[in-house]
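Reproduced below: data-v5.txt, with compact mmCIF, C-alpha atoms and all ligand atoms.
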```txt
# COMPACT_ATOMS: atom_id res chain seq x y z
CA MET L 209 0.00 0.00 0.00
CA LYS L 210 1.38 3.40 -0.99
CA SER L 211 1.24 6.28 1.40
CA SER L 212 -0.48 9.41 0.08
CA LEU L 213 0.90 11.49 2.93
CA SER L 214 2.77 14.56 1.86
CA PHE L 215 5.62 15.24 4.24
CA PRO L 216 7.52 18.49 3.71
CA HIS L 217 10.88 16.92 4.52
CA LYS L 218 10.60 14.35 1.74
CA THR L 219 11.74 15.69 -1.61
CA GLN L 220 10.68 12.68 -3.68
CA PRO L 221 9.30 9.24 -2.96
CA ASN L 222 11.90 6.95 -1.35
CA ALA L 223 14.37 9.82 -0.99
CA ALA L 224 16.19 10.01 2.30
CA PRO L 225 14.30 12.36 4.60
CA GLU L 226 15.91 15.79 4.91
CA SER L 227 15.19 16.26 8.56
CA VAL L 228 13.40 13.76 10.69
CA PRO L 229 13.46 13.34 14.44
CA LEU L 230 16.47 11.30 15.52
CA ALA L 231 14.24 9.31 17.84
CA VAL L 232 10.66 9.42 19.03
CA PRO L 233 10.27 7.94 22.50
CA LEU L 234 7.06 6.29 23.57
CA LEU L 235 7.10 8.60 26.59
CA ASP L 236 9.57 11.31 27.55
CA LEU L 237 9.15 12.38 31.17
CA ARG L 238 12.24 14.57 31.02
CA ARG L 239 10.46 17.12 28.81
CA GLN L 240 7.76 17.46 31.46
CA TYR L 241 10.35 17.70 34.23
CA ASP L 242 12.26 20.44 32.40
CA GLY L 243 9.18 22.65 32.57
CA LEU L 244 8.34 21.82 36.21
CA ARG L 245 11.74 21.42 37.81
CA ALA L 246 11.68 24.47 40.07
CA ASP L 247 8.12 23.82 41.30
CA VAL L 248 8.70 20.11 41.91
CA LEU L 249 11.93 20.67 43.80
CA ALA L 250 10.28 23.39 45.90
CA ALA L 251 7.43 21.01 46.76
CA ILE L 252 9.87 18.28 47.79
CA ALA L 253 11.82 20.80 49.87
CA ARG L 254 8.58 21.81 51.58
CA VAL L 255 8.03 18.22 52.72
CA CYS L 256 11.64 17.86 53.85
CA ASP L 257 11.35 21.08 55.83
CA SER L 258 8.17 19.82 57.47
CA GLN L 259 9.78 16.46 58.34
CA SER L 260 6.32 14.91 57.93
CA PHE L 261 6.81 12.11 55.43
CA ILE L 262 3.76 9.85 55.53
CA LEU L 263 0.12 10.93 55.09
CA GLY L 264 -0.34 14.33 56.79
CA PRO L 265 -1.34 17.69 55.30
CA GLU L 266 0.08 17.16 51.78
CA VAL L 267 -1.83 13.91 51.34
CA GLU L 268 -5.00 15.40 52.79
CA ALA L 269 -4.78 18.37 50.43
CA LEU L 270 -4.24 16.05 47.47
CA GLU L 271 -7.24 13.98 48.53
CA ARG L 272 -9.46 17.09 48.52
CA GLU L 273 -8.12 18.20 45.12
CA ILE L 274 -8.57 14.79 43.48
CA ALA L 275 -12.09 14.48 44.91
CA ALA L 276 -12.92 17.87 43.37
CA LEU L 277 -11.40 16.90 40.00
CA THR L 278 -13.27 13.62 39.71
CA GLY L 279 -16.56 14.79 41.20
CA ALA L 280 -16.44 12.13 43.93
CA ALA L 281 -17.11 13.28 47.48
CA CYS L 282 -14.04 11.65 49.03
CA ALA L 283 -10.58 10.44 48.07
CA VAL L 284 -8.14 8.31 50.04
CA GLY L 285 -4.47 8.45 49.12
CA CYS L 286 -2.52 5.19 49.18
CA ALA L 287 0.70 3.51 48.15
CA SER L 288 -0.10 2.45 44.56
CA GLY L 289 -2.86 1.83 42.05
CA THR L 290 -2.77 -1.84 42.99
CA GLU L 291 -3.35 -0.95 46.62
CA ALA L 292 -6.13 1.43 45.54
CA LEU L 293 -7.88 -1.44 43.71
CA TRP L 294 -7.70 -3.67 46.76
CA LEU L 295 -9.07 -0.90 49.01
CA ALA L 296 -11.83 -0.13 46.49
CA LEU L 297 -12.89 -3.78 46.31
CA VAL L 298 -12.86 -4.44 50.05
CA ALA L 299 -14.74 -1.18 50.78
CA ALA L 300 -17.30 -2.19 48.15
CA GLY L 301 -17.98 -5.33 50.19
CA VAL L 302 -15.98 -7.91 48.23
CA LYS L 303 -14.92 -10.73 50.54
CA PRO L 304 -13.59 -14.30 50.40
CA GLY L 305 -15.90 -16.59 48.48
CA ASP L 306 -17.22 -13.82 46.21
CA SER L 307 -16.71 -13.44 42.48
CA VAL L 308 -15.91 -10.23 40.62
CA ILE L 309 -16.46 -9.87 36.88
CA THR L 310 -13.67 -8.11 35.03
CA THR L 311 -11.84 -7.81 31.75
CA PRO L 312 -9.11 -10.15 30.58
CA PHE L 313 -7.50 -7.27 28.68
CA SER L 314 -5.81 -5.12 31.30
CA PHE L 315 -2.78 -4.89 33.50
CA PHE L 316 -2.41 -7.85 35.87
CA ALA L 317 -3.33 -5.77 38.95
CA SER L 318 -6.96 -5.38 37.79
CA ALA L 319 -7.44 -9.08 38.50
CA SER L 320 -4.75 -9.79 41.12
CA ALA L 321 -6.40 -7.22 43.43
CA ILE L 322 -9.57 -9.32 43.24
CA VAL L 323 -7.59 -12.36 44.33
CA ARG L 324 -5.99 -10.40 47.16
CA ALA L 325 -9.48 -9.46 48.36
CA GLY L 326 -10.12 -13.22 48.62
CA ALA L 327 -12.46 -13.35 45.64
CA THR L 328 -12.38 -15.07 42.25
CA PRO L 329 -12.05 -13.08 39.03
CA VAL L 330 -14.55 -13.97 36.34
CA PHE L 331 -13.18 -12.92 32.98
CA VAL L 332 -15.68 -11.79 30.35
CA ASP L 333 -14.56 -10.79 26.86
CA VAL L 334 -14.08 -7.23 25.63
CA ASP L 335 -15.89 -5.08 23.12
CA PRO L 336 -14.18 -5.45 19.72
CA GLY L 337 -14.32 -1.69 19.04
CA THR L 338 -13.10 -0.15 22.28
CA LEU L 339 -11.47 -3.22 23.88
CA ASN L 340 -13.23 -2.28 27.13
CA LEU L 341 -15.17 -4.91 29.09
CA ASP L 342 -18.23 -5.81 26.99
CA ALA L 343 -21.38 -4.83 28.93
CA THR L 344 -23.62 -7.00 26.74
CA LEU L 345 -21.59 -10.10 27.54
CA VAL L 346 -21.50 -9.21 31.24
CA GLY L 347 -25.31 -8.88 31.28
CA ARG L 348 -25.62 -12.22 29.49
CA ARG L 349 -23.26 -13.88 31.94
CA LEU L 350 -25.31 -12.63 34.89
CA ARG L 351 -28.59 -13.68 33.27
CA ASP L 352 -27.19 -17.17 32.59
CA ARG L 353 -26.28 -17.31 36.25
CA GLN L 354 -29.94 -16.95 37.15
CA ALA L 355 -30.57 -20.19 35.28
CA ALA L 356 -27.58 -21.92 36.91
CA PRO L 357 -27.07 -20.05 40.21
CA THR L 358 -23.72 -21.62 41.08
CA GLN L 359 -21.92 -20.26 38.03
CA PRO L 360 -20.24 -17.95 38.92
CA ALA L 361 -20.91 -17.87 42.66
CA ASN L 362 -21.74 -14.74 44.68
CA VAL L 363 -21.01 -12.08 42.09
CA ARG L 364 -20.46 -9.08 44.35
CA ALA L 365 -18.98 -6.58 41.91
CA ILE L 366 -18.09 -5.73 38.34
CA LEU L 367 -14.71 -4.14 37.77
CA PRO L 368 -14.57 -2.37 34.40
CA VAL L 369 -11.21 -0.87 33.41
CA HIS L 370 -11.22 2.46 31.57
CA LEU L 371 -8.67 1.13 29.11
CA TYR L 372 -6.15 3.52 27.54
CA GLY L 373 -8.03 6.50 29.04
CA GLN L 374 -11.52 5.85 27.64
CA CYS L 375 -14.36 5.02 30.03
CA ALA L 376 -16.12 1.70 29.68
CA ASP L 377 -19.85 1.87 28.85
CA MET L 378 -20.99 3.12 32.25
CA ASP L 379 -24.65 3.62 31.25
CA ARG L 380 -25.00 -0.08 30.65
CA PHE L 381 -22.94 -1.09 33.64
CA ASP L 382 -25.17 1.14 35.81
CA ARG L 383 -28.26 -0.65 34.52
CA ILE L 384 -26.65 -4.05 35.07
CA ALA L 385 -25.60 -3.06 38.59
CA GLN L 386 -29.19 -2.13 39.44
CA GLU L 387 -30.74 -5.18 37.82
CA PHE L 388 -28.40 -7.68 39.50
CA GLU L 389 -27.59 -5.72 42.68
CA VAL L 390 -23.85 -5.76 42.21
CA ALA L 391 -21.36 -2.98 42.91
CA ILE L 392 -19.41 -1.22 40.17
CA VAL L 393 -15.77 -0.67 41.08
CA GLU L 394 -13.92 1.40 38.47
CA ASP L 395 -10.33 0.69 37.55
CA ALA L 396 -9.56 4.26 36.53
CA ALA L 397 -5.77 3.81 36.74
CA GLN L 398 -5.37 5.05 33.16
CA ALA L 399 -8.18 7.58 33.14
CA ILE L 400 -7.61 10.58 35.39
CA GLY L 401 -9.62 13.46 33.91
CA ALA L 402 -11.68 11.18 31.64
CA GLU L 403 -15.46 11.52 31.62
CA TRP L 404 -18.57 9.58 30.72
CA SER L 405 -21.58 11.73 29.74
CA GLY L 406 -19.98 14.68 31.53
CA ARG L 407 -19.33 12.78 34.78
CA GLY L 408 -15.76 12.23 35.87
CA ALA L 409 -14.07 8.86 35.96
CA GLY L 410 -13.85 8.09 39.65
CA SER L 411 -17.43 9.23 40.33
CA LEU L 412 -19.13 6.60 38.16
CA GLY L 413 -18.98 3.55 40.41
CA ILE L 414 -19.34 2.93 44.11
CA THR L 415 -15.55 3.19 44.45
CA ALA L 416 -12.75 3.80 41.95
CA ALA L 417 -8.99 3.28 41.87
CA PHE L 418 -6.37 5.52 40.28
CA SER L 419 -2.66 4.89 39.78
CA PHE L 420 0.02 7.58 39.83
CA TYR L 421 2.73 5.25 38.51
CA PRO L 422 5.35 7.39 36.72
CA THR L 423 4.02 6.61 33.22
CA LYS L 424 0.43 7.62 33.99
CA ASN L 425 -1.20 10.89 32.81
CA LEU L 426 -0.81 12.24 36.34
CA SER L 427 2.32 10.67 37.72
CA ALA L 428 4.30 10.62 40.94
CA TYR L 429 8.05 10.36 41.45
CA GLY L 430 7.64 6.81 42.69
CA ASP L 431 4.61 4.64 43.46
CA ALA L 432 1.32 6.17 44.58
CA GLY L 433 -2.41 5.73 44.07
CA ILE L 434 -5.76 7.01 45.28
CA VAL L 435 -9.29 5.68 45.77
CA THR L 436 -12.39 7.79 45.28
CA THR L 437 -15.91 7.24 46.53
CA SER L 438 -19.01 9.25 47.17
CA CYS L 439 -19.73 7.33 50.36
CA PRO L 440 -18.04 8.86 53.46
CA GLN L 441 -18.39 5.58 55.41
CA MET L 442 -16.51 3.69 52.71
CA ALA L 443 -13.85 6.41 52.66
CA GLU L 444 -13.41 6.06 56.41
CA HIS L 445 -13.17 2.27 56.08
CA MET L 446 -10.47 2.67 53.42
CA ARG L 447 -8.53 5.13 55.59
CA GLN L 448 -8.41 2.46 58.28
CA LEU L 449 -7.58 -0.37 55.87
CA ARG L 450 -4.62 1.52 54.38
CA ASN L 451 -3.26 1.85 57.92
CA HIS L 452 -3.40 -1.71 59.32
CA GLY L 453 -7.15 -1.63 59.93
CA SER L 454 -6.55 0.89 62.65
CA PRO L 455 -9.10 3.55 63.62
CA ARG L 456 -6.64 4.89 66.19
CA ARG L 457 -3.00 4.24 66.80
CA TYR L 458 -2.25 0.72 68.09
CA TYR L 459 -5.91 -0.38 68.04
CA HIS L 460 -6.85 -2.70 65.18
CA HIS L 461 -10.39 -3.66 64.26
CA GLU L 462 -9.55 -5.78 61.22
CA PHE L 463 -6.66 -6.83 59.03
CA GLY L 464 -5.58 -3.99 56.83
CA TRP L 465 -2.07 -3.41 55.59
CA ASN L 466 0.50 -0.67 55.20
CA GLY L 467 -0.91 1.02 52.12
CA ARG L 468 -0.17 4.63 53.03
CA MET L 469 0.89 7.39 50.66
CA ASP L 470 4.19 9.28 51.06
CA ALA L 471 3.93 13.03 51.55
CA ILE L 472 6.64 13.65 48.94
CA GLN L 473 4.52 11.88 46.31
CA ALA L 474 1.48 13.94 47.29
CA ALA L 475 3.47 17.18 47.06
CA VAL L 476 4.78 16.31 43.58
CA LEU L 477 1.32 15.26 42.43
CA ARG L 478 -0.17 18.54 43.64
CA VAL L 479 2.27 20.47 41.46
CA LYS L 480 1.34 18.37 38.45
CA LEU L 481 -2.39 18.43 39.16
CA GLY L 482 -2.48 22.08 38.13
CA HIS L 483 -1.45 21.01 34.62
CA ILE L 484 -3.51 17.88 34.10
CA ALA L 485 -6.33 19.57 32.16
CA ASP L 486 -3.87 21.12 29.68
CA TRP L 487 -1.90 17.90 29.41
CA ASN L 488 -4.99 15.84 28.69
CA GLN L 489 -6.05 18.40 26.10
CA SER L 490 -2.64 18.11 24.41
CA ARG L 491 -3.05 14.33 24.34
CA GLN L 492 -6.44 14.74 22.67
CA GLN L 493 -4.90 17.05 20.07
CA HIS L 494 -2.14 14.55 19.37
CA ALA L 495 -4.72 11.80 18.98
CA ALA L 496 -6.61 13.97 16.48
CA THR L 497 -3.37 14.51 14.56
CA TYR L 498 -2.69 10.77 14.46
CA ASP L 499 -6.28 10.15 13.32
CA ARG L 500 -5.99 12.73 10.55
CA LEU L 501 -2.63 11.50 9.29
CA PHE L 502 -3.79 7.88 9.30
CA ALA L 503 -6.91 8.86 7.37
CA GLU L 504 -4.84 10.80 4.83
CA SER L 505 -2.45 7.90 4.43
CA TRP L 506 -5.25 5.39 3.73
CA LEU L 507 -3.49 3.03 6.08
CA THR L 508 -6.74 2.86 7.96
CA SER L 509 -10.12 1.95 6.64
CA ARG L 510 -12.54 4.78 5.94
CA GLN L 511 -14.95 3.12 8.29
CA ALA L 512 -12.50 3.19 11.16
CA SER L 513 -11.59 6.83 10.61
CA ASP L 514 -15.25 7.83 10.45
CA GLN L 515 -15.81 6.02 13.71
CA ALA L 516 -12.87 7.79 15.23
CA SER L 517 -14.31 11.19 14.32
CA GLY L 518 -17.71 10.25 15.71
CA GLN L 519 -19.47 9.99 12.34
CA THR L 520 -21.31 6.98 11.10
CA SER L 521 -20.07 5.64 7.83
CA SER L 522 -22.20 4.48 4.96
CA GLN L 523 -19.15 3.00 3.27
CA THR L 524 -19.80 -0.57 2.35
CA SER L 525 -16.48 -1.53 0.78
CA ASP L 526 -14.59 -4.17 2.70
CA LYS L 527 -11.71 -2.44 4.45
CA SER L 528 -11.05 -5.27 6.86
CA CYS L 529 -7.71 -5.85 5.15
CA ALA L 530 -6.53 -2.34 6.03
CA PRO L 531 -3.09 -2.69 7.60
CA VAL L 532 -3.95 -0.37 10.46
CA ARG L 533 -7.22 -0.08 12.35
CA LEU L 534 -8.09 2.51 14.95
CA LEU L 535 -10.05 1.69 18.07
CA SER L 536 -13.54 3.11 18.29
CA ARG L 537 -14.47 6.01 20.53
CA SER L 538 -17.72 6.12 22.45
CA PRO L 539 -19.59 9.41 21.86
CA GLN L 540 -20.33 9.63 25.61
CA ALA L 541 -16.65 9.32 26.49
CA LYS L 542 -14.16 12.11 26.99
CA HIS L 543 -11.06 10.08 26.17
CA VAL L 544 -7.80 11.24 27.76
CA PHE L 545 -5.50 9.08 25.64
CA HIS L 546 -3.28 7.60 28.27
CA GLN L 547 -2.27 5.56 25.23
CA TYR L 548 -2.87 5.97 21.51
CA VAL L 549 -3.30 2.40 20.33
CA ILE L 550 -3.68 0.99 16.85
CA ARG L 551 -4.39 -2.53 15.66
CA ALA L 552 -1.77 -3.49 13.12
CA GLN L 553 -1.28 -6.33 10.70
CA ARG L 554 2.13 -7.99 11.10
CA ARG L 555 2.34 -6.07 14.37
CA ASP L 556 5.60 -7.54 15.65
CA GLU L 557 7.44 -6.85 12.39
CA LEU L 558 6.09 -3.30 12.38
CA ARG L 559 7.28 -2.84 15.95
CA GLN L 560 10.79 -3.97 15.01
CA PHE L 561 10.78 -1.65 11.97
CA LEU L 562 9.85 1.28 14.21
CA ALA L 563 12.48 0.30 16.77
CA ASP L 564 15.11 0.31 14.01
CA ARG L 565 14.12 3.94 13.40
CA LYS L 566 14.30 4.60 17.16
CA ILE L 567 10.56 5.06 17.42
CA GLY L 568 9.17 3.74 20.68
CA SER L 569 6.09 1.55 20.87
CA GLU L 570 4.64 -0.92 23.36
CA ILE L 571 2.17 -3.76 23.52
CA TYR L 572 -0.56 -3.32 26.11
CA TYR L 573 -1.11 -6.29 26.62
CA PRO L 574 0.64 -9.22 24.94
CA LEU L 575 -1.03 -12.01 26.95
CA PRO L 576 -4.63 -11.69 28.18
CA LEU L 577 -5.12 -12.29 31.88
CA HIS L 578 -7.08 -15.54 31.52
CA LEU L 579 -4.05 -17.10 29.80
CA GLN L 580 -1.53 -15.92 32.40
CA PRO L 581 0.00 -18.89 34.24
CA ALA L 582 -1.03 -17.34 37.56
CA PHE L 583 -4.68 -17.72 36.55
CA SER L 584 -4.41 -21.26 35.20
CA TYR L 585 -6.38 -22.43 38.25
CA LEU L 586 -9.47 -20.86 36.68
CA GLY L 587 -9.32 -23.48 33.93
CA LEU L 588 -9.67 -21.12 30.97
CA LYS L 589 -7.87 -21.85 27.71
CA ALA L 590 -6.92 -20.22 24.42
CA GLY L 591 -10.03 -19.56 22.36
CA ASP L 592 -12.28 -18.94 25.38
CA LEU L 593 -12.13 -15.13 25.08
CA PRO L 594 -11.37 -14.62 21.40
CA VAL L 595 -11.77 -10.85 21.14
CA ALA L 596 -9.18 -10.18 23.85
CA GLU L 597 -6.88 -12.82 22.38
CA GLN L 598 -7.07 -11.28 18.90
CA ALA L 599 -6.44 -7.82 20.36
CA ALA L 600 -3.34 -9.11 22.16
CA ARG L 601 -1.95 -10.15 18.76
CA GLU L 602 -2.68 -6.81 17.09
CA VAL L 603 -2.48 -3.84 19.47
CA LEU L 604 0.42 -1.41 19.37
CA ALA L 605 0.71 1.75 21.45
CA LEU L 606 2.43 4.63 19.66
CA PRO L 607 4.30 7.57 21.20
CA MET L 608 1.91 9.66 23.29
CA PHE L 609 2.70 12.33 25.85
CA PRO L 610 1.72 16.00 26.10
CA GLU L 611 5.04 17.43 24.88
CA LEU L 612 5.12 15.28 21.72
CA THR L 613 5.45 17.45 18.60
CA GLU L 614 3.46 17.34 15.39
CA ALA L 615 6.67 16.62 13.45
CA GLU L 616 7.26 13.56 15.63
CA ILE L 617 3.74 12.29 15.05
CA GLN L 618 4.18 12.83 11.31
CA TRP L 619 7.38 10.82 11.38
CA VAL L 620 5.72 7.98 13.26
CA VAL L 621 2.83 7.74 10.79
CA GLU L 622 5.11 8.14 7.80
CA SER L 623 7.31 5.36 9.14
CA ILE L 624 4.29 3.09 9.50
CA ALA L 625 3.31 3.96 5.92
CA ASP L 626 6.85 3.15 4.77
CA PHE L 627 6.65 -0.22 6.50
CA TYR L 628 3.47 -1.20 4.65
CA SER L 629 4.47 0.29 1.29
C1 LIG O 701 -5.39 -0.63 34.38
C2 LIG O 701 -4.42 -0.63 35.53
N1 LIG O 701 -4.83 -1.06 36.73
C3 LIG O 701 -4.02 -1.06 37.79
C4 LIG O 701 -2.72 -0.62 37.70
C5 LIG O 701 -1.84 -0.72 38.90
O1 LIG O 701 -1.30 0.52 39.29
P1 LIG O 701 0.09 0.59 40.07
O2 LIG O 701 1.18 0.24 39.11
O3 LIG O 701 0.16 2.03 40.51
O4 LIG O 701 0.03 -0.34 41.21
C6 LIG O 701 -2.26 -0.15 36.48
C7 LIG O 701 -0.86 0.35 36.35
O5 LIG O 701 -0.12 -0.01 35.50
C8 LIG O 701 -3.11 -0.16 35.36
O6 LIG O 701 -2.72 0.28 34.16
```
Using structure tokens, write down the structure from this file.
Amino acid sequence: MKSSLSFPHKTQPNAAPESVPLAVPLLDLRRQYDGLRADVLAAIARVCDSQSFILGPEVEALEREIAALTGAACAVGCASGTEALWLALVAAGVKPGDSVITTPFSFFASASAIVRAGATPVFVDVDPGTLNLDATLVGRRLRDRQAAPTQPANVRAILPVHLYGQCADMDRFDRIAQEFEVAIVEDAAQAIGAEWSGRGAGSLGITAAFSFYPTKNLSAYGDAGIVTTSCPQMAEHMRQLRNHGSPRRYYHHEFGWNGRMDAIQAAVLRVKLGHIADWNQSRQQHAATYDRLFAESWLTSRQASDQASGQTSSQTSDKSCAPVRLLSRSPQAKHVFHQYVIRAQRRDELRQFLADRKIGSEIYYPLPLHLQPAFSYLGLKAGDLPVAEQAAREVLALPMFPELTEAEIQWVVESIADFYS
């Protein structure tokens, strides 16, 4: 397939580019740091001067600010996104012997936190367009359970993941939650600032977990996470759980853990929080640039690009052989593009080609959770969740971070076009 992109640095087809970026990283945190250095170092110095290193005023201020951003009433800072998921599940009432329905196409922690809460993950396949947990299949699974009540047992919660920064279909999960009386616990680790029908990720379920791992849209200088909820009692329960189940020092009502947040992480996050709206907007602009360049290159099907721009296509020609396909975007979702992910034919060869040009890319995720050796005890096998398995063979995340330049995006798309030409 020939690229119809016109790149100013190319004088003629197949000519060596006149000036192209030497390398395009998948993520470059140094560019962000360069702009924030003085503020970040001042915030760290503030904590050092206070000599208050764990929880305390910085964490409490961050909790108020994150609650305000997400629209949830309360937030509870903790040690990581994984810890946040565990707190969110336990506060939502998940206990040993329960089952929690979740996606097989996520980071391991989405499901391992369920196991740590003593429950069993029930993997249901993903939507082929968005790769988020498929609400129709979840509803079907719960209806089937009514016919055979032991399978799966005691479904207490559904844990949708807002994959790559786009909310799962929360309208349908809300309806399912009401019909079957189960809790919705959001894995919003990748979705700070995202929205569904104007409501913030983190305020859509009974509880929600965020990660501030250094690669996330809002990132700490180490591990950190936060849980949000609109229920003050649950927030209080989580505050105790993150601190050894202790309502007051040296008195323990239940078994919690040390899941506390460091004050230095909170102070750094508070500096960055002031920029998150602009950063997410930059990510959206970069995604629009990728979309446009892919559409111009004809690497993607017309149908996929129409979907990406929110239009419905009347095109009937079969574009399924297009080398690159974009994921679909839900009209209700404000997507914050934690990742910009394509589905690519000959994905691994393409990835190597890009690496040879020093263009970063990553596969989120190469092996679905139901096929991970750690979950072999569930008895699932290849072919059981075919949409997730196909996605694992095709997805490729391209460079995406706020400071990325248009020239870099052009070079990435042109390189992909060169690979397929
Ligand atoms: C979807 C998802 N859930 C949970 C986590 C766990 O977060 P953390 O690494 O902060 O423990 C991550 C982080 O990679 C994630 O992407």
Within 7 Å of ligand LIG 701 (chain O), counting only C-alpha atoms and all ligand atoms: which residues, as a list in words?
Ser288, Gly289, Thr290, Glu291, Ser314, Phe315, Ala317, Ser318, Val369, Leu371, Asp395, Ala396, Ala397, Gln398, Ser419, Phe420, Tyr421, Asp431, Ala432 and Gly433 of chain L
Rounded to one decimal place, report the atom CA of Val323 of chain L-atom CA of Asn362 of chain L distance in Å.
14.4 Å
Write out as a list of chain:residue names which residues come within 6 Å of segment 597-613 of chain L when counting only C-alpha atoms, dropping same-chain ones fewer than 2 positions away.
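Answer for this query is L:Leu234, L:Leu235, L:Trp487, L:Ser490, L:Arg491, L:Tyr548, L:Val549, L:Ile550, L:Arg551, L:Ala552, L:Arg555, L:Ser569, L:Glu570, L:Ile571, L:Tyr573, L:Pro574, L:Pro594, L:Val595, L:Ala615, L:Glu616.
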Set the distance at 12 Å and use all atoms listed in the file: which residues neighbour Gly587 of chain L once local chain neighbours fewer than 3 positions away are removed? I'd like the list as a PyMOL selection string.
chain L and resi 329-331+578-584+590+592
Residue subset to file, keeping C-alpha atoms, as a PDB file, keeping the file's coordinate frame:
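Printed below is selection-v9.pdb as written:
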```
ATOM      1  CA  PRO L 329     -12.050 -13.080  39.030  1.00  0.00           C
ATOM      2  CA  VAL L 330     -14.550 -13.970  36.340  1.00  0.00           C
ATOM      3  CA  PHE L 331     -13.180 -12.920  32.980  1.00  0.00           C
ATOM      4  CA  HIS L 578      -7.080 -15.540  31.520  1.00  0.00           C
ATOM      5  CA  LEU L 579      -4.050 -17.100  29.800  1.00  0.00           C
ATOM      6  CA  GLN L 580      -1.530 -15.920  32.400  1.00  0.00           C
ATOM      7  CA  PRO L 581       0.000 -18.890  34.240  1.00  0.00           C
ATOM      8  CA  ALA L 582      -1.030 -17.340  37.560  1.00  0.00           C
ATOM      9  CA  PHE L 583      -4.680 -17.720  36.550  1.00  0.00           C
ATOM     10  CA  SER L 584      -4.410 -21.260  35.200  1.00  0.00           C
ATOM     11  CA  ALA L 590      -6.920 -20.220  24.420  1.00  0.00           C
ATOM     12  CA  ASP L 592     -12.280 -18.940  25.380  1.00  0.00           C
TER      13      ASP L 592
END
```
Please determine the residues with any atom at most 12 Å from (1.6, 18.8, 47.9) (coordinates as given in the file, with all atoms listed in the file counting) and report them as a VMD selection string.
chain L and resid 247 to 256 258 260 to 274 428 469 to 482
Residue nearest Trp506 of chain L among L:Ile400, L:Ala443, L:Ile624, L:Leu449 (counting all atoms listed in the file)
L:Ile624
Looking at L:Ala541, L:Asp486, L:Gly243, L:Ala275, which one is nearest to Cys439 of chain L, with distances taken over all atoms listed in the file?
L:Ala275
Selected residue, from L:Phe561, L:Ala280, L:Gln618, L:Glu387, that lies nearest to Asp499 of chain L when counting all atoms listed in the file
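Closest residue, counting all atoms listed in the file: L:Gln618.
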Report, in Å to a single decimal, how far apart atom CA of Gly279 of chain L and atom CA of Gln547 of chain L are.
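These two atoms are separated by 23.3 Å.
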Quote the spacing between atom CA of Lys303 of chain L and atom CA of Phe381 of chain L in Å to one decimal place.
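If I compute the distance from atom CA of Lys303 of chain L to atom CA of Phe381 of chain L, I get 21.0 Å.
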N, CA and C atoms are what I want for segment 489-501 of chain L; can you complete it accordingly and write them as a PDB file, in the coordinates of the input?
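Generated output (out.pdb):
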```
ATOM      1  N   GLN L 489      -5.623  17.762  27.355  1.00  0.00           N
ATOM      2  CA  GLN L 489      -6.050  18.400  26.100  1.00  0.00           C
ATOM      3  C   GLN L 489      -4.977  18.208  25.011  1.00  0.00           C
ATOM      4  N   SER L 490      -3.716  18.332  25.397  1.00  0.00           N
ATOM      5  CA  SER L 490      -2.640  18.110  24.410  1.00  0.00           C
ATOM      6  C   SER L 490      -2.693  16.673  23.887  1.00  0.00           C
ATOM      7  N   ARG L 491      -2.941  15.734  24.772  1.00  0.00           N
ATOM      8  CA  ARG L 491      -3.050  14.330  24.340  1.00  0.00           C
ATOM      9  C   ARG L 491      -4.176  14.171  23.331  1.00  0.00           C
ATOM     10  N   GLN L 492      -5.305  14.844  23.602  1.00  0.00           N
ATOM     11  CA  GLN L 492      -6.440  14.740  22.670  1.00  0.00           C
ATOM     12  C   GLN L 492      -6.068  15.342  21.309  1.00  0.00           C
ATOM     13  N   GLN L 493      -5.321  16.450  21.343  1.00  0.00           N
ATOM     14  CA  GLN L 493      -4.900  17.050  20.070  1.00  0.00           C
ATOM     15  C   GLN L 493      -3.959  16.121  19.310  1.00  0.00           C
ATOM     16  N   HIS L 494      -3.060  15.489  20.042  1.00  0.00           N
ATOM     17  CA  HIS L 494      -2.140  14.550  19.370  1.00  0.00           C
ATOM     18  C   HIS L 494      -2.915  13.377  18.767  1.00  0.00           C
ATOM     19  N   ALA L 495      -3.909  12.912  19.501  1.00  0.00           N
ATOM     20  CA  ALA L 495      -4.720  11.800  18.980  1.00  0.00           C
ATOM     21  C   ALA L 495      -5.427  12.235  17.696  1.00  0.00           C
ATOM     22  N   ALA L 496      -5.931  13.469  17.686  1.00  0.00           N
ATOM     23  CA  ALA L 496      -6.610  13.970  16.480  1.00  0.00           C
ATOM     24  C   ALA L 496      -5.623  14.062  15.317  1.00  0.00           C
ATOM     25  N   THR L 497      -4.385  14.441  15.624  1.00  0.00           N
ATOM     26  CA  THR L 497      -3.370  14.510  14.560  1.00  0.00           C
ATOM     27  C   THR L 497      -3.066  13.117  14.015  1.00  0.00           C
ATOM     28  N   TYR L 498      -2.886  12.158  14.916  1.00  0.00           N
ATOM     29  CA  TYR L 498      -2.690  10.770  14.460  1.00  0.00           C
ATOM     30  C   TYR L 498      -3.867  10.341  13.583  1.00  0.00           C
ATOM     31  N   ASP L 499      -5.084  10.575  14.070  1.00  0.00           N
ATOM     32  CA  ASP L 499      -6.280  10.150  13.320  1.00  0.00           C
ATOM     33  C   ASP L 499      -6.254  10.733  11.909  1.00  0.00           C
ATOM     34  N   ARG L 500      -5.960  12.046  11.851  1.00  0.00           N
ATOM     35  CA  ARG L 500      -5.990  12.730  10.550  1.00  0.00           C
ATOM     36  C   ARG L 500      -4.910  12.163   9.614  1.00  0.00           C
ATOM     37  N   LEU L 501      -3.712  11.988  10.150  1.00  0.00           N
ATOM     38  CA  LEU L 501      -2.630  11.500   9.290  1.00  0.00           C
ATOM     39  C   LEU L 501      -2.889  10.066   8.834  1.00  0.00           C
TER      40      LEU L 501
END
```
